[in-house]
Number of protein chains: 2
Amino acid sequence: MTDLAALLSPRSIAVIGASNDITIIRGRTLKVMRSHAYAGRIYPVSRSQSEVQGLKAYPSIDAVPERVDLALLVIPAEFVLDEVERCGRAGVKAALIITSGFAEQRGDAGATLQQRLRDLADRYRMIVCGPNTEGFANTAAALCATFSPTVDSLAVPLLPVARKSGQVAVIGQSGGMGFAFFDRGRPKEIPFSYIITTGNEACLEVFDCVDYLLDEGRTDVFLLFLENIKNATTFKRAADKALRSGKPIIVTKIGHSDAGQRAAASHTAALAGSYDAYRAMFRHYGIIEGADIEEMVDLAAAFSLYRERLPRGKRVGIGTASGGGGGWVADACIETGLEVPTLDDATRKIIDAHLPPYGTSQNPVDGTAQAIRVLGYSELARLIALSARIDAVVMVTSTRSAETFEREHDNLRRVSQAATKPMFLWSYTNPSVDAVRIISETGYPLFTNMHHCVRAIAAMSDYRARRETYPVSHEQTFATDATRVGRVRRLLSAPTLCEYQVAPILREYGVNTVEAHLAATVDAAIAAATAMRAPIALKVQSPEIPHKSDVGALALNLSDAESIRRGYSKIMSSAKQHVPHANIHGVLVQRMASPGIEMIVGMRRDELFGPMLMLGFGGIHVEVLRDFVLSPVPLGADDARTLVDGLRGRSLLNNRRGATAADIAALIDLIVRVSHLAIELGDDIAELELNPVIVHEAGHGVSIVDALATTRRATT
Amino acid sequence: MTDLAALLSPRSIAVIGASNDITIIRGRTLKVMRSHAYAGRIYPVSRSQSEVQGLKAYPSIDAVPERVDLALLVIPAEFVLDEVERCGRAGVKAALIITSGFAEQRGDAGATLQQRLRDLADRYRMIVCGPNTEGFANTAAALCATFSPTVDSLAVPLLPVARKSGQVAVIGQSGGMGFAFFDRGRPKEIPFSYIITTGNEACLEVFDCVDYLLDEGRTDVFLLFLENIKNATTFKRAADKALRSGKPIIVTKIGHSDAGQRAAASHTAALAGSYDAYRAMFRHYGIIEGADIEEMVDLAAAFSLYRERLPRGKRVGIGTASGGGGGWVADACIETGLEVPTLDDATRKIIDAHLPPYGTSQNPVDGTAQAIRVLGYSELARLIALSARIDAVVMVTSTRSAETFEREHDNLRRVSQAATKPMFLWSYTNPSVDAVRIISETGYPLFTNMHHCVRAIAAMSDYRARRETYPVSHEQTFATDATRVGRVRRLLSAPTLCEYQVAPILREYGVNTVEAHLAATVDAAIAAATAMRAPIALKVQSPEIPHKSDVGALALNLSDAESIRRGYSKIMSSAKQHVPHANIHGVLVQRMASPGIEMIVGMRRDELFGPMLMLGFGGIHVEVLRDFVLSPVPLGADDARTLVDGLRGRSLLNNRRGATAADIAALIDLIVRVSHLAIELGDDIAELELNPVIVHEAGHGVSIVDALATTRRATT
């Protein structure tokens with residue numbers, strides 16, 4: 001963990017390039033900084049002025065009367081390197097470089113400049129944030145080292161008065177988006193600890209900041225905006241630490257699409273990684289993906305309040321005075337994977353005592369306007385939460401007027417303090433400022449968007465569940481076997497390995513492919529087939545023919561010598577015709593496997609995150625419907641089960657009555673073993689694909705019917 | 001179309017039950033009504049007071065000095081019927097019944113009361129809205145006949161000052177939700193024509209209102225909140241009229257889930273219909289489904305402004321000063337099915353002239369803060385729209401301050417007036433009131449949610465496309481053939497029809513099943529098989545055995561007499577063992593079809609909307625993944641193609657290179673023919689399923705391998 005105190009909590013700051021003209025960034029940054037009650041010392045540095053915005057200015061950093069913690073650079077790009085060097089010599093500990101025109105610029109010049117900046121930072125061991133950043137804000141220090149208009153001349157304090165606990169840090173590469181989270185969240189009374197924008201990330205990256213803030217301790221929830229991750233190790237360390245300490249990370253990663261990628265094109269030669277791999281890593285570390293600013297702010301608000309009162313399950317109780325609103329929330333819950341069970345009779349009886357005949361207590365509980373007027377939202381929420389069938393409560397409210405909430409102010413607080421289950425308010429009308437304040441003061445999250453409310457419950461329940469299975473016990477016990485690795489490495493003899501070459505590698509991990517024999521002649525094939533149970537398949541083995549069925553290099557369901565003879569001749573001539581240059585190692589004679597569900601198990605090396613396990617449904621499912629998942633390795637049995645359950649087509653493994661029918665245990669065993677292979681050979685194998693893996697009925701195991709690997713010998 | 005003028009634009013109103021106590025609904029309704037400048041006459045009717053809220057009150061409706069258009073009833077349920085009768089006798093034309101305690105109440109008493117209310121309305125030909133409604137607002141008349149707090153003592157006029165065109169009507173069963181749309185939309189400067197809440201809909205339904213408002217002419221966009229549709233005919237008429245006149249309907253239909261259904265349980269014995277059928281009907285009439293209040297309001301805002309400037313396609317140009325924001329919108333576009341093409345070189349050259357070296361013109365166009373400051377958002381939008389590759393423009397903006405917008409006020413207007421392509425603004429910061437005003441005045445829709453902006457473009461493009469293919473030419477030309485119907489009806493001889501019985505029905509519509517022969521004995525089966533090309537299948541035909549494979553009543557791939565003899569014996573004994581009471585009509589000997597993609601084509605009678613065509617992928621896809629679509633009938637070839645394209649697994653019909661490989665033409669022909677069957681026999685057949693229909697490679701047609709029908713003889 002890099003200590004970022006000099007950057008984020010400096011005792012003194014030099015503003016290099018400070019100006020009196022507040023219409024330009026050089027002037028605006030100083031103005032914004034001074035509009036807050038920052039207690040540290042600020043030194044404008046200006047070549048032309050002896051006083052800037054009423055402060056004594058210095059001609060250069062050397063002239064500043066103390067060794068400042070932080071230098072803020074808002075000068076043209078061509079002067080930045082010299083100035084950083086001067087700062088380094090002057091003992092400045094951190095630099096915030098707002099200047100644009102580095103690697104984000106067309107052409108090579110900017111990238112070169114950025115590389116040299118990185119070298120300088122290393123040489124002087126200086127913390128460098130930027131370039132091309134919009135700066136940061138540290139609310140506790142009332143320090144806004146930024147030109148962002150979102151913190152300029154605020155009418156309200158940076159931190160809400162009513163609530164300081166559960167602080168949220170925003171960290172993002174994009175300045176505009178980073179400060180937008182604050183701008184959207186502050187009116188919702190969310191306490192923000194920091195807003196940090198890292199720009200081009202020549203040195204300091206988003207997850208360096210996460211890592212530091214976790215140790216610093218003031219932050220409980222992270223809101224991240226990522227264009228990419230440059231350093232997988234930093235990411236993994238920080239993500240692991242965050243999950244272990246129960247401090248949720250809510251993230252968006254842009255650039256899923258080509259067009260998004262074009263916009264977010266990594267200017268710093270970072271390894272992009274695939275979005276599928278990012279999602280797998282996020283899932284692994286319990287990182288919550290958000291869809292847009294509003295949803296992410298709402299998720300943060302919920303976690304900020306209920307980080308220590310996460311729902312124990314997915315069962316939601318809904319209270320409402322609007323039948324329509326209650327039904328709508330119920331639909332939203334179900335669509336989001338939550339449950340809306342009917343309340344138990346005992347709880348219903350308690351509630352029914354308060355309802356008029358046109359109310360209903362089943363769930364949604366339609367309290368009617370009449371009962372809500374008497375009970376208040378809080379009391380109805382308390383009654384619903386009594387039910388052991390419920391993990392969280394959503395109250396459908398109108399917060400247009402604060403009147404109702406003023407009336408039940410005390411009970412709102414009493415209920416929220418005594419509650420052991422999280423309670424959420426959704427307002428279908430625009431909230432009044434007073435209602436927002438009362439609801440915040442008394443300890444509830446208020447949502448104006450129904451779906452965000454419901455997704456927050458689902459995310460919190462998933463986060464809790466992920467925490468309970470993490471760290472994966474297996475991860476701690478799996479030890480690599482160096483002897484085995486040595487043995488297997490000798491088998492990685494070529495850039496592409498055919499099925500018959502992959503089989504012995506798999507056997508090293510206790511994985512058997514279907515009984516097969518490599519035959520060099522048709523007579524050898526017939527002899528091999530005779531020793532097996534018919535029917536058999538013939539498969540041309542050639543590194544140049546990875547997809548055998550495309551070129552007719554495959555014959556299935558052969559039973560007698562004559563058909564084998566015909567099949568052999570046909571597939572050899574077809575293979576030679578389609579791929580004339582193919583180096584053919586022989587023909588694999590293989591017993592036909594009995595039918596079942598076709599799946600794929602494999603590993604892929606992600607360019608950023610390294611080896612990952614891949615699991616999917618076979619054939620059309622993976623190709624057309626893209627129904628597959630990735631996971632970092634190794635995996636324990638529980639992880640493997642979670643992975644299987646994460647497939648969209650999971651129910652293909654069930655019988656008609658919805659019970660698991662396929663041999664999931666054998667599939668899980670296979671996944672775990674392949675994950676061991678992936679961890680041990682992740683540097684040697686680029687891709688391994690067992691396809692198809694036929695999953696038979698429970699108790700009948702799996703059959704690996706084909707396998708292919710590419711090694712990294714030739715590709716690196 | 002029922003004339004609703006007496007209800008919605010009354011010249012005089014009696015408020016029956018009016019009170020001086022404004023803390024109760026009886027008093028609040030009159031107060032809310034009088035807080036607006038309604039020009040008609042209001043007569044409080046009170047049994048106890050001679051003056052209410054400063055107005056002369058009358059002891060009964062008979063004492064009111066004129067025959068009022070509208071009586072508003074806010075009296076206890078038990079008095080409502082007598083009062084309606086009195087109103088009827090007094091010649092009152094319309095009644096708005098706010099009172100609760102009718103069919104929404106537990107027990108039968110309320111439902112009976114509601115039925116009697118309906119009878120009274122019929123007897124006096126009175127328009128009755130409610131009961132259990134929150135009333136309505138007519139903005140042009142400044143009439144708020146409601147107790148909704150959302151229109152109580154408004155600080156702003158009901159209609160925005162700047163804009164009166166493109167008015168939006170909200171119509172919903174739920175009062176709370178209905179007025180919430182107004183509450184959320186009014187601050188966005190959306191002009192609302194009406195907010196109408198229909199409550200229990202004893203008589204007046206949502207689509208009666210749509211129908212009337214279409215003729216009345218003041219409304220251009222409809223926002224509907226539906227718990228159910230009670231009358232399919234009213235719905236179809238209004239939806240058809242709306243689509244033909246280009247007045248978009250944006251809807252949410254609650255109660256998809258059991259829990260939502262529980263909340264929205266139809267109190268009025270309405271046929272619920274399946275949500276799948278609702279979606280099919282919405283799709284047919286180009287009705288846009290919205291997810292929540294915010295999204296629906298935002299969709300309405302976009303249509304309200306650009307109803308006559310809908311995007312001609314899905315290609316979006318994005319302009320931004322925030323690289324991160326631009327990339328995020330690009331991702332959102334792609335996820336929503338829009339395209340973000342690179343701009344053409346000529347347009348790029350024009351834009352590049354304005355950009356600093358760290359900007360980019362490809363798309364997203366990162367104008368950088370610097371270029372935006374010089375050009376303004378409007379000018380950059382205009383330049384992007386120059387590209388012939390672009391159908392709509394999204395500008396990523398910050399509207400926190402109105403300064404920028406004030407500066408470019410004139411150009412904003414100029415650009416919007418000259419534009420032929422729709423332009424959208426997304427603000428990542430909270431908009432200032434002034435910015436909202438300027439953007440509205442100059443003619444742009446402003447979104448704070450990025451996804452709503454993007455979905456609006458997609459919805460508008462889809463709506464335009466639907467308008468272009470509607471009305472379906474086929475629908476106008478298809479005429480039923482009474483002779484055929486007569487012939488076929490005679491074939492509907494039993495509650496369940498097996499494949500051999502369905503085949504002749506299909507033949508009447510030019511649809512052939514695979515060659516087959518019904519055999520009564522094993523020798524007859526062998527004889528039949530001999531006359532066919534092997535291999536063949538044997539299938540037990542029994543109405544008691546609809547799912548043959550479940551009970552082993554099916555033998556496949558038989559080639560010689562011996563195997564047919566064994567197969568026949570095996571399936572007959574298995575069928576008799578599993579279904580001892582089965583009435584077996586014989587064994588169908590059928591030629592095995594060559595392989596292909598398995599699909600299902602069928603018809604289902606929806607309890608509300610009547611016969612619908614069903615199309616899906618076969619086997620696991622329809623059962624497990626629920627990948628099927630419904631459509632009203634009949635369908636023309638274009639509709640059928642759209643239906644095929646609407647399947648999630650559509651690409652299963654393609655080859656590996658993504659081109660269509662299956663015989664779509666034959667599939668479409670089959671769909672059209674089955675749709676004719678459905679329209680002609682929709683009252684006679686409850687369900688028809690051709691499953692599987694094997695779709696072969698292009699040019700090789702389809703094979704119908706099994707068929708089953710249930711008739712309505714036994715079920716009705």
# chains A, B, ... in the order shown; residues from 1 in each chain; ligands from 1
>>> closest_atom_pairs(of="chain B", to="chain A", cutoff="6 Å", atoms="only C-alpha atoms", output="tab-separated table")
residue	atom	partner	partner_atom	distance
B:Gly101	CA	A:Tyr358	CA	6.0
B:Glu104	CA	A:Tyr358	CA	5.9
B:Gln105	CA	A:Tyr358	CA	4.0
B:Ser174	CA	A:Gly324	CA	5.3
B:Gly176	CA	A:Ser322	CA	5.9
B:Ala180	CA	A:Thr429	CA	5.3
B:Asp183	CA	A:Thr429	CA	6.0
B:Ile254	CA	A:Trp328	CA	5.6
B:Ser257	CA	A:Asp331	CA	5.4
B:Ala259	CA	A:Ala330	CA	5.7
B:Gly260	CA	A:Gly327	CA	4.3
B:Ala263	CA	A:Gly327	CA	4.8
B:Ala264	CA	A:Gly327	CA	5.9
B:Ser322	CA	A:Gly176	CA	5.9
B:Gly324	CA	A:Ser174	CA	5.3
B:Gly327	CA	A:Gly260	CA	4.3
B:Trp328	CA	A:Ile254	CA	5.6
B:Ala330	CA	A:Gly260	CA	5.0
B:Asp331	CA	A:Gly260	CA	5.0
B:Pro357	CA	A:Gln105	CA	5.8
B:Tyr358	CA	A:Gln105	CA	4.0
B:Tyr428	CA	A:Ala180	CA	5.9
B:Thr429	CA	A:Ala180	CA	5.3
>>> select_by_dssp(residues="stretch 186-314 of chain A", states="strand (DSSP E)", output="VMD selection string")
chain A and resid 192 to 197 221 to 226 249 to 253 288 to 289
>>> residues_around(residues="A:Arg712", least_positions_apart="3", cutoff="12 Å", atoms="only C-alpha atoms", output="ChimeraX atom specification")
/A:489,492-497,604-605,611,681-688,709,715-716
>>> write_last_selection(atoms="N, CA and C atoms", output="PDB file, in the first residue's frame")
ATOM      1  N   ARG A 489       5.109 -30.033 -18.514  1.00  0.00           N
ATOM      2  CA  ARG A 489       5.735 -29.063 -19.421  1.00  0.00           C
ATOM      3  C   ARG A 489       6.408 -29.767 -20.592  1.00  0.00           C
ATOM      4  N   LEU A 492       4.189 -30.320 -23.525  1.00  0.00           N
ATOM      5  CA  LEU A 492       3.718 -29.157 -24.300  1.00  0.00           C
ATOM      6  C   LEU A 492       4.687 -28.924 -25.457  1.00  0.00           C
ATOM      7  N   SER A 493       4.664 -29.857 -26.385  1.00  0.00           N
ATOM      8  CA  SER A 493       5.732 -29.937 -27.376  1.00  0.00           C
ATOM      9  C   SER A 493       5.493 -29.108 -28.616  1.00  0.00           C
ATOM     10  N   ALA A 494       4.294 -28.571 -28.784  1.00  0.00           N
ATOM     11  CA  ALA A 494       3.982 -27.877 -30.038  1.00  0.00           C
ATOM     12  C   ALA A 494       3.000 -26.744 -29.767  1.00  0.00           C
ATOM     13  N   PRO A 495       2.872 -25.822 -30.715  1.00  0.00           N
ATOM     14  CA  PRO A 495       1.929 -24.706 -30.495  1.00  0.00           C
ATOM     15  C   PRO A 495       0.495 -25.188 -30.325  1.00  0.00           C
ATOM     16  N   THR A 496       0.093 -26.224 -31.079  1.00  0.00           N
ATOM     17  CA  THR A 496      -1.262 -26.751 -30.949  1.00  0.00           C
ATOM     18  C   THR A 496      -1.191 -28.225 -30.597  1.00  0.00           C
ATOM     19  N   LEU A 497      -1.953 -28.630 -29.611  1.00  0.00           N
ATOM     20  CA  LEU A 497      -1.973 -30.036 -29.212  1.00  0.00           C
ATOM     21  C   LEU A 497      -3.336 -30.627 -29.533  1.00  0.00           C
ATOM     22  N   ARG A 604      -8.839 -20.152 -20.415  1.00  0.00           N
ATOM     23  CA  ARG A 604      -8.394 -19.131 -21.336  1.00  0.00           C
ATOM     24  C   ARG A 604      -7.491 -18.199 -20.570  1.00  0.00           C
ATOM     25  N   ARG A 605      -6.446 -17.779 -21.202  1.00  0.00           N
ATOM     26  CA  ARG A 605      -5.572 -16.831 -20.548  1.00  0.00           C
ATOM     27  C   ARG A 605      -5.995 -15.437 -20.932  1.00  0.00           C
ATOM     28  N   PRO A 611      -4.723 -16.670 -16.303  1.00  0.00           N
ATOM     29  CA  PRO A 611      -5.542 -17.829 -16.633  1.00  0.00           C
ATOM     30  C   PRO A 611      -6.899 -17.805 -15.947  1.00  0.00           C
ATOM     31  N   LEU A 681      -0.459 -24.446 -15.037  1.00  0.00           N
ATOM     32  CA  LEU A 681       0.059 -24.307 -16.396  1.00  0.00           C
ATOM     33  C   LEU A 681      -0.372 -23.001 -17.056  1.00  0.00           C
ATOM     34  N   GLY A 682      -0.865 -22.077 -16.226  1.00  0.00           N
ATOM     35  CA  GLY A 682      -1.402 -20.826 -16.763  1.00  0.00           C
ATOM     36  C   GLY A 682      -0.389 -20.037 -17.573  1.00  0.00           C
ATOM     37  N   ASP A 683       0.897 -20.219 -17.272  1.00  0.00           N
ATOM     38  CA  ASP A 683       1.904 -19.490 -18.044  1.00  0.00           C
ATOM     39  C   ASP A 683       2.305 -20.237 -19.307  1.00  0.00           C
ATOM     40  N   ASP A 684       1.918 -21.510 -19.381  1.00  0.00           N
ATOM     41  CA  ASP A 684       2.379 -22.342 -20.492  1.00  0.00           C
ATOM     42  C   ASP A 684       1.303 -22.584 -21.538  1.00  0.00           C
ATOM     43  N   ILE A 685       0.052 -22.628 -21.074  1.00  0.00           N
ATOM     44  CA  ILE A 685      -1.054 -22.918 -21.994  1.00  0.00           C
ATOM     45  C   ILE A 685      -1.856 -21.635 -22.226  1.00  0.00           C
ATOM     46  N   ALA A 686      -2.064 -21.307 -23.499  1.00  0.00           N
ATOM     47  CA  ALA A 686      -2.856 -20.114 -23.802  1.00  0.00           C
ATOM     48  C   ALA A 686      -4.335 -20.435 -23.717  1.00  0.00           C
ATOM     49  N   GLU A 687      -4.703 -21.615 -24.216  1.00  0.00           N
ATOM     50  CA  GLU A 687      -6.115 -21.972 -24.242  1.00  0.00           C
ATOM     51  C   GLU A 687      -6.262 -23.482 -24.207  1.00  0.00           C
ATOM     52  N   LEU A 688      -7.218 -23.934 -23.448  1.00  0.00           N
ATOM     53  CA  LEU A 688      -7.519 -25.362 -23.382  1.00  0.00           C
ATOM     54  C   LEU A 688      -9.030 -25.480 -23.484  1.00  0.00           C
ATOM     55  N   ALA A 709      -5.661 -27.924 -27.217  1.00  0.00           N
ATOM     56  CA  ALA A 709      -4.936 -26.918 -26.437  1.00  0.00           C
ATOM     57  C   ALA A 709      -3.991 -26.143 -27.345  1.00  0.00           C
ATOM     58  N   THR A 715       3.299 -18.596 -29.255  1.00  0.00           N
ATOM     59  CA  THR A 715       2.628 -17.296 -29.311  1.00  0.00           C
ATOM     60  C   THR A 715       3.400 -16.210 -28.580  1.00  0.00           C
ATOM     61  N   THR A 716       4.290 -16.598 -27.679  1.00  0.00           N
ATOM     62  CA  THR A 716       5.012 -15.534 -26.950  1.00  0.00           C
ATOM     63  C   THR A 716       6.460 -15.434 -27.406  1.00  0.00           C
TER      64      THR A 716
END
>>> residues_around(residues="A:Asp3", least_positions_apart="4", cutoff="9 Å", atoms="only C-alpha atoms", output="ChimeraX atom specification")
/A:7,127,212
>>> atom_distance(atom1="atom CA of A:Phe424", atom2="atom CA of A:Phe303")
11.5 Å
>>> decode(residues="stretch 589-673 of chain A", atoms="C-alpha atoms", output="PDB file, in the first residue's frame")
ATOM      1  CA  VAL A 589     -10.294 -44.497 -32.652  1.00  0.00           C
ATOM      2  CA  GLN A 590     -12.677 -43.645 -29.838  1.00  0.00           C
ATOM      3  CA  ARG A 591     -15.617 -45.342 -28.241  1.00  0.00           C
ATOM      4  CA  MET A 592     -18.827 -43.351 -28.774  1.00  0.00           C
ATOM      5  CA  ALA A 593     -20.016 -41.845 -25.510  1.00  0.00           C
ATOM      6  CA  SER A 594     -23.611 -42.260 -24.453  1.00  0.00           C
ATOM      7  CA  PRO A 595     -25.757 -39.145 -24.791  1.00  0.00           C
ATOM      8  CA  GLY A 596     -26.248 -36.361 -22.248  1.00  0.00           C
ATOM      9  CA  ILE A 597     -26.008 -32.588 -22.019  1.00  0.00           C
ATOM     10  CA  GLU A 598     -23.128 -31.141 -24.012  1.00  0.00           C
ATOM     11  CA  MET A 599     -20.966 -28.643 -22.178  1.00  0.00           C
ATOM     12  CA  ILE A 600     -17.579 -27.014 -22.545  1.00  0.00           C
ATOM     13  CA  VAL A 601     -14.958 -26.795 -19.833  1.00  0.00           C
ATOM     14  CA  GLY A 602     -11.735 -25.023 -20.563  1.00  0.00           C
ATOM     15  CA  MET A 603      -9.238 -22.384 -19.631  1.00  0.00           C
ATOM     16  CA  ARG A 604      -8.394 -19.131 -21.336  1.00  0.00           C
ATOM     17  CA  ARG A 605      -5.572 -16.831 -20.548  1.00  0.00           C
ATOM     18  CA  ASP A 606      -6.865 -13.285 -20.240  1.00  0.00           C
ATOM     19  CA  GLU A 607      -4.212 -10.790 -21.282  1.00  0.00           C
ATOM     20  CA  LEU A 608      -4.767  -8.745 -18.141  1.00  0.00           C
ATOM     21  CA  PHE A 609      -5.956 -11.133 -15.427  1.00  0.00           C
ATOM     22  CA  GLY A 610      -4.115 -14.309 -16.468  1.00  0.00           C
ATOM     23  CA  PRO A 611      -5.542 -17.829 -16.633  1.00  0.00           C
ATOM     24  CA  MET A 612      -9.280 -18.214 -16.149  1.00  0.00           C
ATOM     25  CA  LEU A 613     -11.558 -21.188 -16.163  1.00  0.00           C
ATOM     26  CA  MET A 614     -14.301 -21.236 -18.790  1.00  0.00           C
ATOM     27  CA  LEU A 615     -17.572 -23.126 -18.465  1.00  0.00           C
ATOM     28  CA  GLY A 616     -20.453 -23.139 -20.891  1.00  0.00           C
ATOM     29  CA  PHE A 617     -23.094 -25.117 -22.667  1.00  0.00           C
ATOM     30  CA  GLY A 618     -21.871 -26.817 -25.817  1.00  0.00           C
ATOM     31  CA  GLY A 619     -22.500 -26.314 -29.481  1.00  0.00           C
ATOM     32  CA  ILE A 620     -24.995 -23.647 -30.395  1.00  0.00           C
ATOM     33  CA  HIS A 621     -25.314 -22.440 -26.828  1.00  0.00           C
ATOM     34  CA  VAL A 622     -21.821 -21.137 -26.469  1.00  0.00           C
ATOM     35  CA  GLU A 623     -21.464 -20.023 -30.073  1.00  0.00           C
ATOM     36  CA  VAL A 624     -24.832 -18.460 -30.689  1.00  0.00           C
ATOM     37  CA  LEU A 625     -26.243 -17.623 -27.299  1.00  0.00           C
ATOM     38  CA  ARG A 626     -22.857 -16.919 -25.710  1.00  0.00           C
ATOM     39  CA  ASP A 627     -23.968 -18.728 -22.572  1.00  0.00           C
ATOM     40  CA  PHE A 628     -20.662 -19.166 -20.800  1.00  0.00           C
ATOM     41  CA  VAL A 629     -18.956 -17.888 -17.664  1.00  0.00           C
ATOM     42  CA  LEU A 630     -15.354 -17.276 -16.696  1.00  0.00           C
ATOM     43  CA  SER A 631     -13.756 -17.497 -13.289  1.00  0.00           C
ATOM     44  CA  PRO A 632     -10.333 -16.869 -11.818  1.00  0.00           C
ATOM     45  CA  VAL A 633      -8.575 -20.026 -10.682  1.00  0.00           C
ATOM     46  CA  PRO A 634      -8.275 -22.179  -8.683  1.00  0.00           C
ATOM     47  CA  LEU A 635     -11.823 -23.087  -7.775  1.00  0.00           C
ATOM     48  CA  GLY A 636     -13.088 -25.174  -4.901  1.00  0.00           C
ATOM     49  CA  ALA A 637     -16.215 -27.296  -5.197  1.00  0.00           C
ATOM     50  CA  ASP A 638     -18.430 -24.513  -3.850  1.00  0.00           C
ATOM     51  CA  ASP A 639     -17.054 -22.024  -6.349  1.00  0.00           C
ATOM     52  CA  ALA A 640     -17.559 -24.534  -9.134  1.00  0.00           C
ATOM     53  CA  ARG A 641     -21.146 -25.063  -8.086  1.00  0.00           C
ATOM     54  CA  THR A 642     -21.746 -21.303  -8.044  1.00  0.00           C
ATOM     55  CA  LEU A 643     -20.257 -21.109 -11.520  1.00  0.00           C
ATOM     56  CA  VAL A 644     -22.586 -23.821 -12.824  1.00  0.00           C
ATOM     57  CA  ASP A 645     -25.537 -22.075 -11.201  1.00  0.00           C
ATOM     58  CA  GLY A 646     -24.533 -18.848 -12.918  1.00  0.00           C
ATOM     59  CA  LEU A 647     -25.213 -20.171 -16.418  1.00  0.00           C
ATOM     60  CA  ARG A 648     -28.350 -18.805 -18.012  1.00  0.00           C
ATOM     61  CA  GLY A 649     -29.252 -22.260 -19.263  1.00  0.00           C
ATOM     62  CA  ARG A 650     -28.615 -23.871 -15.868  1.00  0.00           C
ATOM     63  CA  SER A 651     -32.019 -25.522 -15.988  1.00  0.00           C
ATOM     64  CA  LEU A 652     -30.901 -27.585 -18.996  1.00  0.00           C
ATOM     65  CA  LEU A 653     -29.289 -29.767 -16.334  1.00  0.00           C
ATOM     66  CA  ASN A 654     -32.656 -30.355 -14.683  1.00  0.00           C
ATOM     67  CA  ASN A 655     -35.436 -32.777 -15.462  1.00  0.00           C
ATOM     68  CA  ARG A 656     -38.928 -31.618 -16.408  1.00  0.00           C
ATOM     69  CA  ARG A 657     -39.900 -31.198 -12.807  1.00  0.00           C
ATOM     70  CA  GLY A 658     -37.060 -28.759 -12.203  1.00  0.00           C
ATOM     71  CA  ALA A 659     -34.863 -31.049 -10.106  1.00  0.00           C
ATOM     72  CA  THR A 660     -31.224 -31.526 -10.977  1.00  0.00           C
ATOM     73  CA  ALA A 661     -30.953 -34.600 -13.172  1.00  0.00           C
ATOM     74  CA  ALA A 662     -27.439 -34.403 -14.583  1.00  0.00           C
ATOM     75  CA  ASP A 663     -24.296 -35.524 -12.796  1.00  0.00           C
ATOM     76  CA  ILE A 664     -23.411 -32.126 -11.369  1.00  0.00           C
ATOM     77  CA  ALA A 665     -21.000 -33.682  -8.871  1.00  0.00           C
ATOM     78  CA  ALA A 666     -18.879 -35.127 -11.680  1.00  0.00           C
ATOM     79  CA  LEU A 667     -19.007 -31.840 -13.558  1.00  0.00           C
ATOM     80  CA  ILE A 668     -17.884 -29.942 -10.462  1.00  0.00           C
ATOM     81  CA  ASP A 669     -15.049 -32.392  -9.898  1.00  0.00           C
ATOM     82  CA  LEU A 670     -13.926 -31.849 -13.479  1.00  0.00           C
ATOM     83  CA  ILE A 671     -14.077 -28.045 -13.112  1.00  0.00           C
ATOM     84  CA  VAL A 672     -11.991 -28.132  -9.946  1.00  0.00           C
ATOM     85  CA  ARG A 673      -9.367 -30.349 -11.595  1.00  0.00           C
TER      86      ARG A 673
END
